[in-house]
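Asks: This is the content of data38.cif (mmCIF, C-alpha atoms):
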data_protein
loop_
_atom_site.label_atom_id
_atom_site.label_comp_id
_atom_site.auth_asym_id
_atom_site.auth_seq_id
_atom_site.Cartn_x
_atom_site.Cartn_y
_atom_site.Cartn_z
CA MET A 725 2.01 -7.83 -11.42
CA LEU A 726 1.58 -11.08 -13.29
CA ASP A 727 0.51 -14.31 -11.62
CA VAL A 728 3.70 -16.18 -10.67
CA LYS A 729 2.11 -19.45 -11.77
CA PHE A 730 1.48 -17.90 -15.19
CA ILE A 731 5.15 -16.86 -15.45
CA ARG A 732 6.29 -20.39 -14.55
CA GLU A 733 3.97 -22.03 -17.06
CA ASN A 734 4.30 -19.46 -19.88
CA PRO A 735 7.90 -18.19 -19.91
CA ASP A 736 7.93 -17.69 -23.68
CA ILE A 737 4.84 -15.46 -23.55
CA VAL A 738 6.43 -13.35 -20.79
CA LYS A 739 9.70 -13.11 -22.74
CA LYS A 740 7.88 -11.93 -25.86
CA ALA A 741 5.82 -9.38 -23.90
CA ALA A 742 8.97 -7.94 -22.34
CA LYS A 743 10.70 -7.80 -25.72
CA ASP A 744 7.70 -6.12 -27.35
CA LYS A 745 7.62 -3.55 -24.52
CA ASN A 746 11.37 -3.02 -24.88
CA VAL A 747 11.98 -4.21 -21.30
CA LYS A 748 15.08 -6.25 -20.41
CA LEU A 749 14.00 -9.26 -18.37
CA ASP A 750 15.93 -12.40 -17.40
CA VAL A 751 13.03 -14.86 -17.30
CA ASP A 752 15.29 -17.93 -17.30
CA GLY A 753 17.22 -16.52 -14.35
CA PHE A 754 13.96 -16.00 -12.49
CA LEU A 755 12.85 -19.57 -13.16
CA ARG A 756 16.12 -20.82 -11.61
CA ILE A 757 15.62 -18.57 -8.57
CA ASP A 758 12.00 -19.67 -8.26
CA LYS A 759 12.91 -23.36 -8.47
CA GLU A 760 15.71 -22.99 -5.91
CA ARG A 761 13.41 -21.04 -3.57
CA ARG A 762 10.71 -23.70 -3.67
CA GLU A 763 13.27 -26.45 -3.08
CA LEU A 764 14.73 -24.56 -0.10
CA LEU A 765 11.29 -23.97 1.38
CA LYS A 766 10.49 -27.65 1.01
CA GLU A 767 13.77 -28.57 2.70
CA VAL A 768 13.06 -26.20 5.58
CA GLU A 769 9.59 -27.69 6.07
CA THR A 770 11.05 -31.21 6.12
CA LEU A 771 13.74 -30.24 8.65
CA LYS A 772 11.21 -28.49 10.88
CA ALA A 773 8.95 -31.54 10.80
CA GLU A 774 11.90 -33.76 11.80
CA LYS A 775 12.88 -31.28 14.50
CA ASN A 776 9.38 -31.41 15.95
CA LYS A 777 9.51 -35.22 16.07
CA VAL A 778 12.86 -35.08 17.86
CA SER A 779 11.47 -32.52 20.28
CA ASP A 780 8.58 -34.88 21.10
CA LYS A 781 11.04 -37.73 21.67
CA ILE A 782 13.13 -35.55 23.97
CA GLY A 783 10.00 -34.70 25.98
CA LYS A 784 9.11 -38.39 26.36
CA MET A 785 12.65 -39.35 27.35
CA MET A 786 12.76 -36.64 30.00
CA LYS A 787 9.46 -37.90 31.43
CA GLU A 788 10.96 -41.40 31.55
CA ARG A 789 14.10 -39.92 33.20
CA ALA A 790 16.26 -41.03 30.23
CA ASN A 791 19.20 -38.95 28.96
CA PRO A 792 18.32 -37.19 25.66
CA LYS A 793 21.81 -35.73 25.20
CA GLU A 794 22.34 -37.10 21.69
CA LEU A 795 18.88 -36.04 20.53
CA ILE A 796 19.41 -32.53 21.93
CA ALA A 797 22.69 -32.28 20.01
CA SER A 798 21.00 -33.43 16.79
CA MET A 799 18.17 -30.93 17.35
CA LYS A 800 20.67 -28.08 17.77
CA ALA A 801 22.41 -29.13 14.56
CA ALA A 802 19.05 -29.21 12.78
CA SER A 803 18.25 -25.71 14.12
CA GLN A 804 21.56 -24.37 12.80
CA LYS A 805 20.93 -25.95 9.41
CA ILE A 806 17.41 -24.48 9.30
CA ALA A 807 18.79 -21.02 10.15
CA LYS A 808 21.31 -21.22 7.29
CA ILE A 809 18.67 -22.36 4.80
CA GLU A 810 16.23 -19.66 5.95
CA ALA A 811 18.94 -17.05 5.37
CA LYS A 812 19.27 -18.36 1.82
CA VAL A 813 15.48 -18.31 1.46
CA GLU A 814 15.38 -14.68 2.59
CA GLU A 815 18.05 -13.68 0.08
CA ASN A 816 16.34 -15.73 -2.61
CA THR A 817 12.92 -14.24 -1.80
CA LYS A 818 14.28 -10.71 -2.22
CA LYS A 819 15.52 -11.59 -5.72
CA PHE A 820 12.19 -13.30 -6.40
CA LYS A 821 10.17 -10.21 -5.41
CA ASP A 822 12.51 -7.83 -7.26
CA PHE A 823 11.89 -9.78 -10.43
CA VAL A 824 8.13 -10.16 -10.02
CA TYR A 825 7.66 -6.42 -9.38
CA ASN A 826 9.66 -5.59 -12.52
CA VAL A 827 7.74 -7.79 -14.95
CA PRO A 828 5.60 -5.59 -17.23
CA ASN A 829 1.97 -6.26 -18.00
CA LEU A 830 1.18 -8.21 -21.14
CA PRO A 831 0.07 -6.09 -24.12
CA HIS A 832 -3.39 -6.86 -25.42
CA LYS A 833 -3.44 -8.89 -28.65
CA SER A 834 -4.88 -5.88 -30.54
CA VAL A 835 -1.89 -3.66 -29.69
CA LYS A 836 0.52 -3.10 -32.58
CA ILE A 837 4.06 -4.38 -32.03
CA GLY A 838 6.59 -1.57 -32.30
CA LEU A 839 9.45 -0.01 -30.37
CA GLY A 840 8.57 3.69 -30.32
CA THR A 841 6.24 6.55 -31.18
CA GLU A 842 6.75 6.07 -34.91
CA ALA A 843 4.78 2.80 -34.68
CA ASN A 844 1.79 4.38 -32.91
CA ARG A 845 -1.48 4.46 -34.86
CA VAL A 846 -3.80 7.44 -35.29
CA VAL A 847 -7.27 6.06 -34.51
CA ARG A 848 -9.22 9.20 -35.37
CA ASP A 849 -9.14 12.97 -35.68
CA TRP A 850 -11.80 15.31 -34.35
CA GLY A 851 -12.35 18.80 -35.68
CA LYS A 852 -10.18 20.83 -37.99
CA PRO A 853 -7.27 22.80 -36.55
CA LEU A 854 -8.15 26.49 -36.45
CA LYS A 855 -6.14 28.43 -39.01
CA HIS A 856 -5.17 31.92 -37.90
CA ASP A 857 -4.75 34.71 -40.44
CA PHE A 858 -1.75 35.91 -38.44
CA GLU A 859 1.40 34.40 -36.96
CA ALA A 860 0.22 32.50 -33.88
CA LYS A 861 2.01 33.47 -30.67
CA THR A 862 3.21 30.93 -28.11
CA HIS A 863 1.38 30.55 -24.81
CA VAL A 864 4.46 31.99 -23.10
CA LYS A 865 4.19 35.21 -25.08
CA ILE A 866 0.40 35.34 -24.71
CA GLY A 867 0.60 34.72 -20.96
CA GLU A 868 3.20 37.43 -20.46
CA ASN A 869 1.35 39.98 -22.63
CA LEU A 870 -1.94 39.39 -20.80
CA ASN A 871 -0.18 39.27 -17.41
CA ILE A 872 -1.69 35.87 -16.56
CA LEU A 873 1.51 33.75 -16.51
CA ASP A 874 4.78 34.60 -14.80
CA PHE A 875 7.60 32.10 -15.31
CA GLY A 876 10.32 34.41 -14.01
CA ARG A 877 8.80 34.74 -10.55
CA ALA A 878 7.94 31.01 -10.50
CA ALA A 879 11.64 30.27 -11.05
CA LYS A 880 12.52 32.70 -8.26
CA ILE A 881 10.13 30.92 -5.87
CA SER A 882 10.82 27.30 -6.82
CA GLY A 883 13.30 27.01 -9.71
CA THR A 884 12.92 26.11 -13.35
CA GLY A 885 10.07 23.88 -14.44
CA PHE A 886 7.37 25.63 -12.41
CA ALA A 887 4.60 28.07 -13.33
CA LEU A 888 2.88 30.97 -11.60
CA TYR A 889 -0.68 31.74 -12.72
CA LYS A 890 -1.98 35.27 -12.07
CA GLY A 891 -5.37 36.95 -12.16
CA LEU A 892 -7.46 35.53 -14.99
CA GLY A 893 -4.79 32.90 -15.58
CA ALA A 894 -5.42 31.48 -12.11
CA ARG A 895 -9.15 31.87 -12.67
CA LEU A 896 -8.90 29.96 -15.97
CA GLU A 897 -7.10 27.09 -14.24
CA ARG A 898 -9.76 26.91 -11.52
CA ALA A 899 -12.57 27.17 -14.06
CA LEU A 900 -11.19 24.25 -16.07
CA LEU A 901 -10.92 22.03 -13.00
CA ASN A 902 -14.47 22.81 -11.87
CA PHE A 903 -15.85 22.36 -15.40
CA MET A 904 -14.24 18.92 -15.77
CA LEU A 905 -15.30 17.69 -12.32
CA ASP A 906 -18.88 18.80 -12.95
CA LEU A 907 -18.93 17.14 -16.37
CA HIS A 908 -17.64 13.80 -15.08
CA THR A 909 -19.82 13.69 -11.96
CA LYS A 910 -23.06 15.05 -13.43
CA LYS A 911 -22.98 13.55 -16.93
CA HIS A 912 -20.59 10.60 -16.86
CA GLY A 913 -21.53 9.03 -13.52
CA TYR A 914 -18.27 9.37 -11.59
CA THR A 915 -18.05 9.89 -7.82
CA GLU A 916 -15.78 12.77 -6.85
CA ILE A 917 -12.82 12.03 -4.59
CA PHE A 918 -10.38 14.46 -2.98
CA PRO A 919 -7.45 12.26 -1.88
CA PRO A 920 -4.17 12.90 -0.05
CA PHE A 921 -1.33 14.26 -2.16
CA LEU A 922 1.23 12.18 -0.22
CA VAL A 923 1.20 8.38 -0.39
CA ASN A 924 3.24 5.57 1.15
CA ARG A 925 5.56 3.20 -0.68
CA ARG A 926 3.00 0.40 -0.62
CA SER A 927 0.56 2.55 -2.60
CA MET A 928 3.21 3.46 -5.18
CA ILE A 929 4.09 -0.22 -5.62
CA GLY A 930 0.40 -1.06 -5.92
CA THR A 931 -0.10 1.03 -9.06
CA GLY A 932 3.28 0.19 -10.59
CA GLN A 933 5.25 3.44 -10.15
CA LEU A 934 7.69 1.64 -7.84
CA PRO A 935 10.20 0.18 -7.98
CA LYS A 936 10.69 0.94 -11.69
CA LEU A 937 10.15 4.73 -11.72
CA GLU A 938 11.46 5.78 -8.32
CA GLU A 939 14.03 8.21 -9.75
CA ASP A 940 11.23 10.23 -11.35
CA MET A 941 9.35 10.67 -8.06
CA TYR A 942 9.61 13.29 -5.31
CA LYS A 943 10.31 11.49 -2.03
CA LEU A 944 10.25 12.98 1.46
CA LYS A 945 13.56 12.93 3.29
CA ASP A 946 12.34 11.95 6.76
CA ASP A 947 9.33 9.78 5.91
CA ASP A 948 8.83 6.99 3.40
CA LEU A 949 6.21 9.07 1.61
CA PHE A 950 6.01 10.31 -1.97
CA LEU A 951 4.34 13.31 -3.59
CA ILE A 952 1.85 11.80 -6.02
CA PRO A 953 2.77 11.79 -9.72
CA THR A 954 -0.95 11.36 -10.53
CA ALA A 955 -4.26 10.89 -8.68
CA GLU A 956 -4.25 7.34 -10.06
CA VAL A 957 -2.07 6.32 -7.10
CA PRO A 958 -4.22 7.34 -4.11
CA VAL A 959 -7.54 6.73 -5.87
CA THR A 960 -6.70 3.21 -7.06
CA ASN A 961 -5.44 2.33 -3.58
CA ILE A 962 -8.76 3.30 -1.99
CA HIS A 963 -9.74 -0.36 -2.33
CA ALA A 964 -6.32 -1.95 -1.67
CA ASN A 965 -6.61 -5.20 0.33
CA GLU A 966 -10.40 -5.24 -0.07
CA VAL A 967 -12.88 -7.74 -1.48
CA LEU A 968 -15.68 -5.86 -3.22
CA ASP A 969 -19.15 -7.19 -3.82
CA GLU A 970 -20.03 -7.89 -7.46
CA ASN A 971 -23.02 -5.55 -7.12
CA GLU A 972 -20.66 -2.64 -6.39
CA LEU A 973 -19.02 -2.91 -9.81
CA PRO A 974 -18.35 -0.96 -11.88
CA ILE A 975 -16.99 1.78 -9.63
CA TYR A 976 -16.12 5.13 -11.25
CA TYR A 977 -14.08 7.76 -9.39
CA THR A 978 -12.87 11.18 -10.52
CA ALA A 979 -10.42 13.35 -8.63
CA TYR A 980 -8.63 16.65 -8.96
CA THR A 981 -5.08 16.69 -7.60
CA ALA A 982 -1.86 18.48 -8.13
CA CYS A 983 0.73 16.12 -9.65
CA PHE A 984 4.47 16.17 -9.02
CA ARG A 985 7.15 14.73 -11.31
CA ARG A 986 10.88 15.24 -11.28
CA GLU A 987 11.06 14.65 -15.04
CA ALA A 988 14.46 13.05 -14.55
CA GLY A 989 16.43 12.93 -17.79
CA SER A 990 14.30 15.55 -19.55
CA TYR A 991 16.86 18.37 -19.32
CA GLY A 992 16.71 20.57 -22.42
CA LYS A 993 13.75 18.66 -23.89
CA ASP A 994 10.46 20.57 -24.32
CA THR A 995 11.01 22.40 -21.05
CA LYS A 996 10.02 25.94 -21.99
CA GLY A 997 6.77 27.35 -20.63
CA LEU A 998 4.03 24.92 -19.58
CA THR A 999 5.03 22.04 -21.84
CA ARG A 1000 6.90 20.01 -19.23
CA VAL A 1001 6.59 21.18 -15.62
CA HIS A 1002 7.35 19.59 -12.26
CA GLN A 1003 3.95 20.48 -10.79
CA PHE A 1004 0.68 20.49 -12.69
CA ASN A 1005 -3.02 19.98 -12.06
CA LYS A 1006 -5.09 17.13 -13.42
CA VAL A 1007 -8.56 15.63 -13.22
CA GLU A 1008 -8.20 11.86 -13.15
CA LEU A 1009 -10.72 9.13 -14.02
CA VAL A 1010 -10.36 5.72 -12.33
CA LYS A 1011 -12.47 2.60 -12.84
CA PHE A 1012 -12.82 -0.74 -11.04
CA VAL A 1013 -14.66 -3.21 -13.28
CA LYS A 1014 -15.33 -6.89 -13.91
CA PRO A 1015 -12.72 -8.54 -16.18
CA GLU A 1016 -15.11 -9.33 -19.02
CA THR A 1017 -16.10 -5.66 -19.42
CA SER A 1018 -12.74 -3.92 -19.11
CA TYR A 1019 -12.01 -3.29 -22.79
CA ASP A 1020 -15.50 -1.90 -23.38
CA GLU A 1021 -14.95 0.28 -20.32
CA LEU A 1022 -11.69 1.52 -21.86
CA GLU A 1023 -13.56 2.82 -24.90
CA LYS A 1024 -16.09 4.56 -22.63
CA LEU A 1025 -13.28 6.08 -20.58
CA LEU A 1026 -11.67 7.44 -23.74
CA ASN A 1027 -14.98 8.93 -24.84
CA ASN A 1028 -15.39 10.64 -21.44
CA ALA A 1029 -12.00 12.32 -21.88
CA GLU A 1030 -12.78 13.28 -25.48
CA THR A 1031 -15.99 15.01 -24.37
CA VAL A 1032 -13.91 17.50 -22.39
CA ILE A 1033 -11.85 18.47 -25.43
CA GLN A 1034 -14.85 18.72 -27.70
CA ALA A 1035 -16.67 21.02 -25.25
CA LEU A 1036 -13.62 23.31 -25.21
CA GLU A 1037 -13.75 23.61 -29.00
CA LEU A 1038 -10.30 22.13 -29.58
CA SER A 1039 -9.36 19.78 -32.41
CA TYR A 1040 -7.49 16.64 -31.41
CA ARG A 1041 -6.32 13.22 -32.50
CA VAL A 1042 -6.54 9.87 -30.71
CA ILE A 1043 -3.42 7.70 -30.79
CA GLU A 1044 -3.33 3.98 -30.03
CA LEU A 1045 0.07 3.24 -28.52
CA CYS A 1046 2.25 0.43 -29.81
CA THR A 1047 3.83 -2.11 -27.46
CA GLY A 1048 7.11 -0.22 -27.08
CA ASP A 1049 5.32 3.01 -26.12
CA LEU A 1050 2.95 1.42 -23.59
CA SER A 1051 3.52 2.15 -19.93
CA PHE A 1052 4.94 -0.58 -17.70
CA ALA A 1053 1.54 -1.46 -16.20
CA ALA A 1054 -0.78 -0.94 -19.18
CA SER A 1055 -2.21 -3.63 -21.41
CA LYS A 1056 -3.67 -1.14 -23.87
CA CYS A 1057 -3.57 2.65 -24.01
CA TYR A 1058 -4.92 5.55 -26.04
CA ASP A 1059 -3.42 9.05 -25.97
CA ILE A 1060 -5.34 12.20 -26.81
CA GLU A 1061 -3.17 14.90 -28.39
CA LEU A 1062 -3.98 18.55 -29.02
CA TRP A 1063 -2.33 20.74 -31.64
CA ALA A 1064 -0.68 23.87 -30.26
CA PRO A 1065 -0.22 26.30 -33.18
CA GLY A 1066 2.07 28.68 -31.30
CA ILE A 1067 4.77 26.19 -30.36
CA LYS A 1068 3.77 24.00 -33.36
CA LYS A 1069 3.61 20.74 -31.43
CA TRP A 1070 1.15 17.97 -30.68
CA LEU A 1071 0.62 17.82 -26.92
CA GLU A 1072 -0.59 14.78 -24.99
CA VAL A 1073 -3.34 15.80 -22.55
CA SER A 1074 -4.74 12.37 -21.72
CA SER A 1075 -3.64 8.76 -21.55
CA CYS A 1076 -6.46 6.25 -21.11
CA SER A 1077 -5.27 2.80 -20.06
CA ASN A 1078 -6.58 -0.64 -19.19
CA PHE A 1079 -4.31 -2.35 -16.66
CA THR A 1080 -6.38 -5.58 -16.54
CA ASP A 1081 -5.65 -7.31 -13.20
CA PHE A 1082 -2.02 -6.08 -13.09
CA GLN A 1083 -2.55 -3.33 -10.50
CA ALA A 1084 -5.22 -5.31 -8.67
CA ARG A 1085 -2.75 -8.13 -8.00
CA ARG A 1086 -0.15 -5.68 -6.67
CA ALA A 1087 -2.69 -3.82 -4.51
CA ASN A 1088 -4.75 -6.95 -3.70
CA ILE A 1089 -8.14 -5.68 -4.93
CA LYS A 1090 -10.71 -8.42 -5.51
CA PHE A 1091 -14.44 -8.91 -5.95
CA LYS A 1092 -16.76 -11.76 -5.01
CA SER A 1093 -19.41 -12.85 -7.49
CA LYS A 1094 -22.61 -14.57 -6.37
CA GLY A 1095 -21.84 -17.88 -8.02
CA GLY A 1096 -18.08 -17.71 -7.62
CA LYS A 1097 -16.23 -20.10 -5.34
CA LYS A 1098 -13.51 -17.61 -4.46
CA PRO A 1099 -12.82 -13.89 -5.00
CA GLU A 1100 -11.36 -12.75 -8.33
CA TYR A 1101 -9.14 -9.78 -9.09
CA VAL A 1102 -10.91 -6.73 -10.50
CA HIS A 1103 -9.64 -4.93 -13.59
CA THR A 1104 -8.53 -1.32 -13.10
CA LEU A 1105 -8.48 1.49 -15.64
CA ASN A 1106 -7.59 5.13 -15.50
CA GLY A 1107 -7.23 8.13 -17.73
CA SER A 1108 -6.66 11.87 -17.57
CA GLY A 1109 -9.94 13.65 -17.84
CA VAL A 1110 -7.90 15.78 -18.63
CA ALA A 1111 -4.47 17.15 -17.68
CA LEU A 1112 -3.39 20.72 -17.32
CA ALA A 1113 -1.05 22.58 -18.00
CA ARG A 1114 -0.95 21.43 -21.64
CA LEU A 1115 -4.69 22.00 -21.94
CA VAL A 1116 -4.05 25.65 -21.02
CA ILE A 1117 -1.38 25.82 -23.73
CA ALA A 1118 -3.89 24.69 -26.35
CA ILE A 1119 -6.66 27.03 -25.16
CA LEU A 1120 -4.38 30.07 -25.19
CA GLU A 1121 -2.76 29.28 -28.53
CA VAL A 1122 -5.85 28.02 -30.40
CA HIS A 1123 -8.31 30.63 -29.14
CA GLN A 1124 -5.96 33.61 -29.42
CA THR A 1125 -6.96 36.56 -31.59
CA LYS A 1126 -4.96 38.97 -33.73
CA ASP A 1127 -5.14 41.71 -31.08
CA GLY A 1128 -3.53 39.40 -28.49
CA SER A 1129 -6.65 38.54 -26.50
CA VAL A 1130 -7.96 35.00 -25.95
CA ASN A 1131 -11.56 33.92 -26.54
CA ILE A 1132 -13.00 31.76 -23.78
CA PRO A 1133 -14.81 28.60 -25.01
CA GLU A 1134 -18.55 28.85 -24.46
CA ALA A 1135 -18.71 25.82 -22.14
CA LEU A 1136 -16.22 27.51 -19.82
CA ARG A 1137 -17.90 30.91 -19.58
CA PRO A 1138 -20.28 30.01 -16.71
CA TYR A 1139 -17.17 29.14 -14.67
CA MET A 1140 -15.61 32.53 -15.55
CA ASP A 1141 -18.62 34.61 -14.40
CA GLY A 1142 -19.79 34.95 -18.01
CA LEU A 1143 -16.49 36.38 -19.24
CA ASN A 1144 -16.12 35.93 -23.00
CA VAL A 1145 -12.54 37.01 -23.53
CA ILE A 1146 -9.27 37.47 -21.68
CA LYS A 1147 -7.67 40.71 -22.84
CA SER A 1148 -5.11 43.23 -21.71
CA ALA A 1149 -6.28 45.55 -18.96
#
Can the structure in the file be given as structure tokens, please?
Replies:
Amino acid sequence: MLDVKFIRENPDIVKKAAKDKNVKLDVDGFLRIDKERRELLKEVETLKAEKNKVSDKIGKMMKERANPKELIASMKAASQKIAKIEAKVEENTKKFKDFVYNVPNLPHKSVKIGLGTEANRVVRDWGKPLKHDFEAKTHVKIGENLNILDFGRAAKISGTGFALYKGLGARLERALLNFMLDLHTKKHGYTEIFPPFLVNRRSMIGTGQLPKLEEDMYKLKDDDLFLIPTAEVPVTNIHANEVLDENELPIYYTAYTACFRREAGSYGKDTKGLTRVHQFNKVELVKFVKPETSYDELEKLLNNAETVIQALELSYRVIELCTGDLSFAASKCYDIELWAPGIKKWLEVSSCSNFTDFQARRANIKFKSKGGKKPEYVHTLNGSGVALARLVIAILEVHQTKDGSVNIPEALRPYMDGLNVIKSA
């Protein structure tokens, strides 16, 4: 969240940021609520101070055997007035918090102003899309022909929007996860984490999923717990309510988790096959860094994710998101998109974001520098390094052959017991 003092002192900047992110925000209404709240709190403090003085007088009068009847009556009246004002403060504070938790992060000055995907900028392309000398099949057809994907039985087990991997399909999924974790821990310097897949409301608020995106989350009926939409949530909250030492920074974590998303409102939109599923696997990259290094760290994070795609011999493009396409919590974000020749679509497999101190304020994550007088908020970053199932789509559709088999990228073969190709039995 943003610093409340910053909102008070820079309402026009906050208004513009909300407009650029296409977020409706009544900043003037908040300023009225904030002013009223502070005035009420001041009034309560004054009344309590007066009440304490009266209480002292009553005590002295009782010691002197005088009758404090009038003072007792005035103290009761003051107590009733305080109770009424505190009720207003409580109501006012709820509105205050609702607003603060729904203010988006400020876009970085380098981010292009625009309302949607059409304003996004292609930063670079890598590799040339493989051109097949035959009509490329979709991953659905390939998966069914090779008996490695079964969407019919997945629907029977769980409903639409789920996938069942079989045989070498399951092995491919596991190989990709192990390959990515090894790459990030052994070559990129990340520490591996295996976190819980259920988190509490406080953790979801800390990273910005709540309250804004609650309808898109899977929530337990009997406990205030949520299935994680991404490993970003539990991993970022590892250091919630902590003050880190400057020497600990930067901290790099990587984690495999399953991810769960209701995809509310996506009915009929890119829902066939693995394109948009309710459960998918992902290797996440999370960073805790000093503020002055965070944008350099974003570029490094992006490069870490790109290395995965390059090793898997897939062409891709890097997109810098405009303000209207940025997530609620991000200040700047790059997407990595792969071309899937079977379904003929660009597929996002990674979003790499700098959240500056936005998440750190919500989750209360600080660091203490040697010369600093008081702790500062860290900057947090995260990115997919990278996400399945869309990565599987690209591998199957790009590396397919005319006879229906799929060549396994060389970097992945050690994780497939040296297997070079997935073919029909």
Asks: Give as JSON, numbers by chain the residues that the PyMOL selection byres ((chain A and resi 1123-1134) around 8) matches when applied to the coordinates above.
Replies: {"A": [857, 858, 860, 866, 869, 870, 1035, 1036, 1037, 1118, 1119, 1120, 1121, 1122, 1135, 1136, 1137, 1143, 1144, 1145, 1146, 1147, 1148]}
Asks: Give the answer as one residue: which of A:Ile1060, A:Ala1087, A:Ile757, A:Ile917 has the shortest atom-to-atom distance to Lys818 in chain A, using only C-alpha atoms?
Replies: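 For Lys818 in chain A, the nearest of the given residues is A:Ile757.
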Asks: CA of Glu987 in chain A to CA of Lys936 in chain A: how many Å, to one decimal?
Replies: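 Taking CA of Glu987 in chain A and CA of Lys936 in chain A, their separation equals 14.1 Å.
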Asks: Can you tell me which residues surround Leu892 in chain A at a distance of at most 8 Å, considering all atoms listed in the file, apart from same-chain residues fewer than 3 positions away, and format the answer as a list in words?
Replies: Ile872, Arg895, Leu896 and Ile1146 of chain A
Asks: Name the residues within 12 Å of (-13.9, 18.9, -16.2), counting only C-alpha atoms in the file's coordinates, and put them as a PyMOL selection string.
Replies: chain A and resi 897-912+914+916+978-980+1005-1009+1028-1036+1108-1112+1115+1135-1136+1139
Asks: Spell out the residues picked by the PyMOL selection byres ((chain A and resi 805) around 12) here, as JSON, numbers by chain.
Replies: {"A": [764, 767, 768, 769, 770, 771, 772, 775, 798, 799, 800, 801, 802, 803, 804, 806, 807, 808, 809, 810, 811, 812]}
Asks: Keeping only C-alpha atoms, take the residues you just selected and write them out as a compact mmCIF listing (two decimals), keeping the file's coordinate frame.
Replies:
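out_19.txt, written as the output of this step:
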# COMPACT_ATOMS: atom_id res chain seq x y z
CA LEU A 764 14.73 -24.56 -0.10
CA GLU A 767 13.77 -28.57 2.70
CA VAL A 768 13.06 -26.20 5.58
CA GLU A 769 9.59 -27.69 6.07
CA THR A 770 11.05 -31.21 6.12
CA LEU A 771 13.74 -30.24 8.65
CA LYS A 772 11.21 -28.49 10.88
CA LYS A 775 12.88 -31.28 14.50
CA SER A 798 21.00 -33.43 16.79
CA MET A 799 18.17 -30.93 17.35
CA LYS A 800 20.67 -28.08 17.77
CA ALA A 801 22.41 -29.13 14.56
CA ALA A 802 19.05 -29.21 12.78
CA SER A 803 18.25 -25.71 14.12
CA GLN A 804 21.56 -24.37 12.80
CA ILE A 806 17.41 -24.48 9.30
CA ALA A 807 18.79 -21.02 10.15
CA LYS A 808 21.31 -21.22 7.29
CA ILE A 809 18.67 -22.36 4.80
CA GLU A 810 16.23 -19.66 5.95
CA ALA A 811 18.94 -17.05 5.37
CA LYS A 812 19.27 -18.36 1.82
Asks: To one decimal in Å, tell me the separation between CA of Phe754 in chain A and CA of Val824 in chain A.
Replies: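 About the pair CA of Phe754 in chain A and CA of Val824 in chain A: they are 8.6 Å apart.
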Asks: A:Val967, A:Ile929, A:Glu774, A:Met1140: which is nearest Gly891 in chain A, counting only C-alpha atoms?
Replies: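 Between A:Val967, A:Ile929, A:Glu774, A:Met1140, the residue approaching Gly891 in chain A most closely is A:Met1140.
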Asks: Leaving out Lys1011 in chain A and any residue of its chain fewer than 6 positions from it, which residues lie within 10 Å of it when counting all atoms listed in the file, given as a ChimeraX atom specification?
Replies: /A:914,956,959-960,973-978,1018,1021-1022,1025,1078,1102-1107
Asks: Excluding same-chain residues fewer than 4 positions from Gly930 in chain A, what lies within 7 Å of it counting all atoms listed in the file, as a PyMOL selection string?
Replies: chain A and resi 926+1083+1086-1087
Asks: Within 7 Å of range 886-889 of chain A, counting all atoms listed in the file, which residues show up once you throw out same-chain ones fewer than 5 positions away? Write them as a short mmCIF file (atom, residue, chain, number, x, y, z; two decimals) with C-alpha atoms, in the coordinates of the input, please.
Replies:
data_model
loop_
_atom_site.label_atom_id
_atom_site.label_comp_id
_atom_site.auth_asym_id
_atom_site.auth_seq_id
_atom_site.Cartn_x
_atom_site.Cartn_y
_atom_site.Cartn_z
CA ILE A 872 -1.69 35.87 -16.56
CA LEU A 873 1.51 33.75 -16.51
CA ASP A 874 4.78 34.60 -14.80
CA PHE A 875 7.60 32.10 -15.31
CA ALA A 878 7.94 31.01 -10.50
CA ALA A 879 11.64 30.27 -11.05
CA ALA A 894 -5.42 31.48 -12.11
CA VAL A 1001 6.59 21.18 -15.62
CA HIS A 1002 7.35 19.59 -12.26
CA GLN A 1003 3.95 20.48 -10.79
#
Asks: One decimal, in Å: what's the spacing between CA of Val778 in chain A and CA of Asn791 in chain A?
Replies: 13.4 Å
